[in-house]
Structure formats: C-alpha cells, structure tokens
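Report on one structure; see the data block that follows.
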Amino acid sequence: VQLQAYGGGLVQAGASLRLSCAASGGILSDYDTAWFRQAPGKERQFVAAFRWRSFADWYTDSLKDRFTISRDKAKNTVDLQMSSLVPEDTAVYFCGARLTGSGGRYPTKPTDYAYWGQGTQVTVSS
C-alpha cells in the first residue's frame with residue numbers, strides 16, 4: 001500500500017487543522033493506520049492510530065483531548081482532526097500503516113509500521 005499525507009500548513013495558535021492520509025494499492029480496512037509526528041531534532045512520536053477491522057482507536061495520552069482520528073471509508077483515508085493547536089505541535093506529520101495482526105496489542109512504535117507516507121508539514125505560530 002502507498003500512503004500520502006496531506007492537509008498541513010501554517011496556522012496560528014488556537015486554530016484547527018485536518019490532515020488526511022490517503023491510500024492507494026491497498027484497502028485500509030486490512031490495516032492499522034497511524035499518525036506520527038517528528039519535530040526537528042526529535043524522535044518520531046506516536047500521535048494516534050485507527051484499526052478499521054474493529055473500529056478501535058488509540059492515542060498518546062497528552063494529545064487525545066485535542067486530536068481525533070477517524071476514517072473516511074468512501075475516500076479510503078484516515079484523517080486526523082487537530083484542534084487548539086499550540087506551537088509545540090509544529091512538526092512533520094507522517095501516516096503509517098501495518099497489516100492488522102491477530103493479536104490484541106495496539107502498536108505505538110514507528111518500527112511497528114511497515115508502510116509510510118512522505119509527511120506533511122504543520123507549523124503553528126504563536
């Protein structure tokens with residue numbers, strides 16, 4: 001599956017932004033799809049993920065009150081709605097995917113995901 005993340009941009013603090021991860025060459029219903037972000041000089045950080053098979057979602061605790069992950073079946077996308085953005089949210093946002101396994105765990109490490117899009121820049125000004 002090939003992934004493409006889009007929707008980033010430059011916004012002011014307090015604004016909202018919606019990112020989308022589009023898939024081609026595969027059907028996202030077979031995958032766990034996640035959003036990560038990476039700020040300059042920092043490691044790639046897990047943001048949220050969605051499992052189509054069970055409609056489960058999971059988040060990094062510090063972001064779950066402001067970020068919401070969802071799917072759009074018709075568009076074959078997984079979206080990340082971000083609200084009340086702060087400058088610390090500035091990063092390149094990546095979407096990743098992995099085939100949903102039979103286990104019950106909810107992966108949060110970049111190495112758990114085999115497929116990646118190119119990333120979209122989000123910049124939040126103060």
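As shown in the structure tokens, the chain order sets the letters A, B, ...; within each chain, residues go from 1, and ligands are also counted from 1 in the order they appear.
Taking only C-alpha atoms, the non-local environment of Asp65 of chain A within 12 Å (same-chain residues fewer than 2 positions away omitted) comprises Val47, Ala48, Trp58, Tyr59, Thr60, Asp61, Ser62, Leu63, Phe67, Thr68, Ile69, Gln81, Met82, Ser83, Ser84 and Leu85 of chain A.
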Q | Near-Ala34 of chain A list (10 Å; only C-alpha atoms; drop same-chain fewer than 2 positions) as a count of residues only | A | 28
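Going from atom CA of Lys75 of chain A over to atom CA of Ala22 of chain A, you cover 7.6 Å.
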So that I can check the secondary structure, give me every residue of segment 8-112 of chain A assigned helix (DSSP H, G or I) by backbone DSSP, as a CSV table (one decimal) with N, CA and C atoms, in the first residue's frame.
chain,number,residue,atom,x,y,z
A,28,LEU,N,-7.5,0.1,3.1
A,28,LEU,CA,-7.1,0.4,4.5
A,28,LEU,C,-7.8,-0.4,5.5
A,29,SER,N,-8.9,-1.1,5.1
A,29,SER,CA,-9.7,-1.9,6.1
A,29,SER,C,-8.8,-3.1,6.5
A,30,ASP,N,-7.7,-3.4,5.8
A,30,ASP,CA,-6.8,-4.5,6.2
A,30,ASP,C,-5.7,-4.1,7.1
A,87,PRO,N,2.2,26.0,19.5
A,87,PRO,CA,3.5,26.0,18.7
A,87,PRO,C,4.2,24.7,18.9
A,88,GLU,N,4.0,24.0,20.0
A,88,GLU,CA,4.7,22.7,20.3
A,88,GLU,C,4.2,21.6,19.4
A,89,ASP,N,3.1,21.8,18.7
A,89,ASP,CA,2.5,20.9,17.7
A,89,ASP,C,3.2,21.0,16.4
A,110,PRO,N,7.3,3.5,15.9
A,110,PRO,CA,7.5,3.6,14.4
A,110,PRO,C,7.8,2.3,13.8
A,111,THR,N,8.6,1.5,14.5
A,111,THR,CA,9.1,0.2,13.9
A,111,THR,C,7.9,-0.8,13.8
A,112,ASP,N,6.8,-0.5,14.4
A,112,ASP,CA,5.7,-1.4,14.2
A,112,ASP,C,5.0,-1.2,12.9
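For the residues A:Ser16, A:Gln2, A:Thr123, A:Ser70, ranking by smallest atom-to-atom distance to Trp35 of chain A using only C-alpha atoms places A:Ser70 first.
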Here atom CA of Ala23 of chain A and atom CA of Val124 of chain A stand apart by 26.4 Å
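Around Pro40 of chain A, within 9 Å and counting only C-alpha atoms, the residues found are Glu43, Ala91 and Val92 of chain A, once anything fewer than 3 positions away on its own chain is removed.
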Of A:Ala13, A:Ile27, A:Val122, A:Ala5, the one nearest to Thr90 of chain A when counting only C-alpha atoms is A:Val122
Residues of segment 1-81 of chain A in strand (DSSP E), written as number ranges by chain: A: 2-6, 9-12, 17-24, 31-38, 45-51, 56-59, 67-72, 77-81
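Take the candidates A:Leu17, A:Gly101, A:Gln38, A:Val86 and check each one against Ser125 of chain A using only C-alpha atoms; the shortest distance goes to A:Val86.
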From the list A:Gln118, A:Ser126, A:Thr100, A:Asn76, the nearest residue to Gln4 of chain A using only C-alpha atoms is A:Gln118
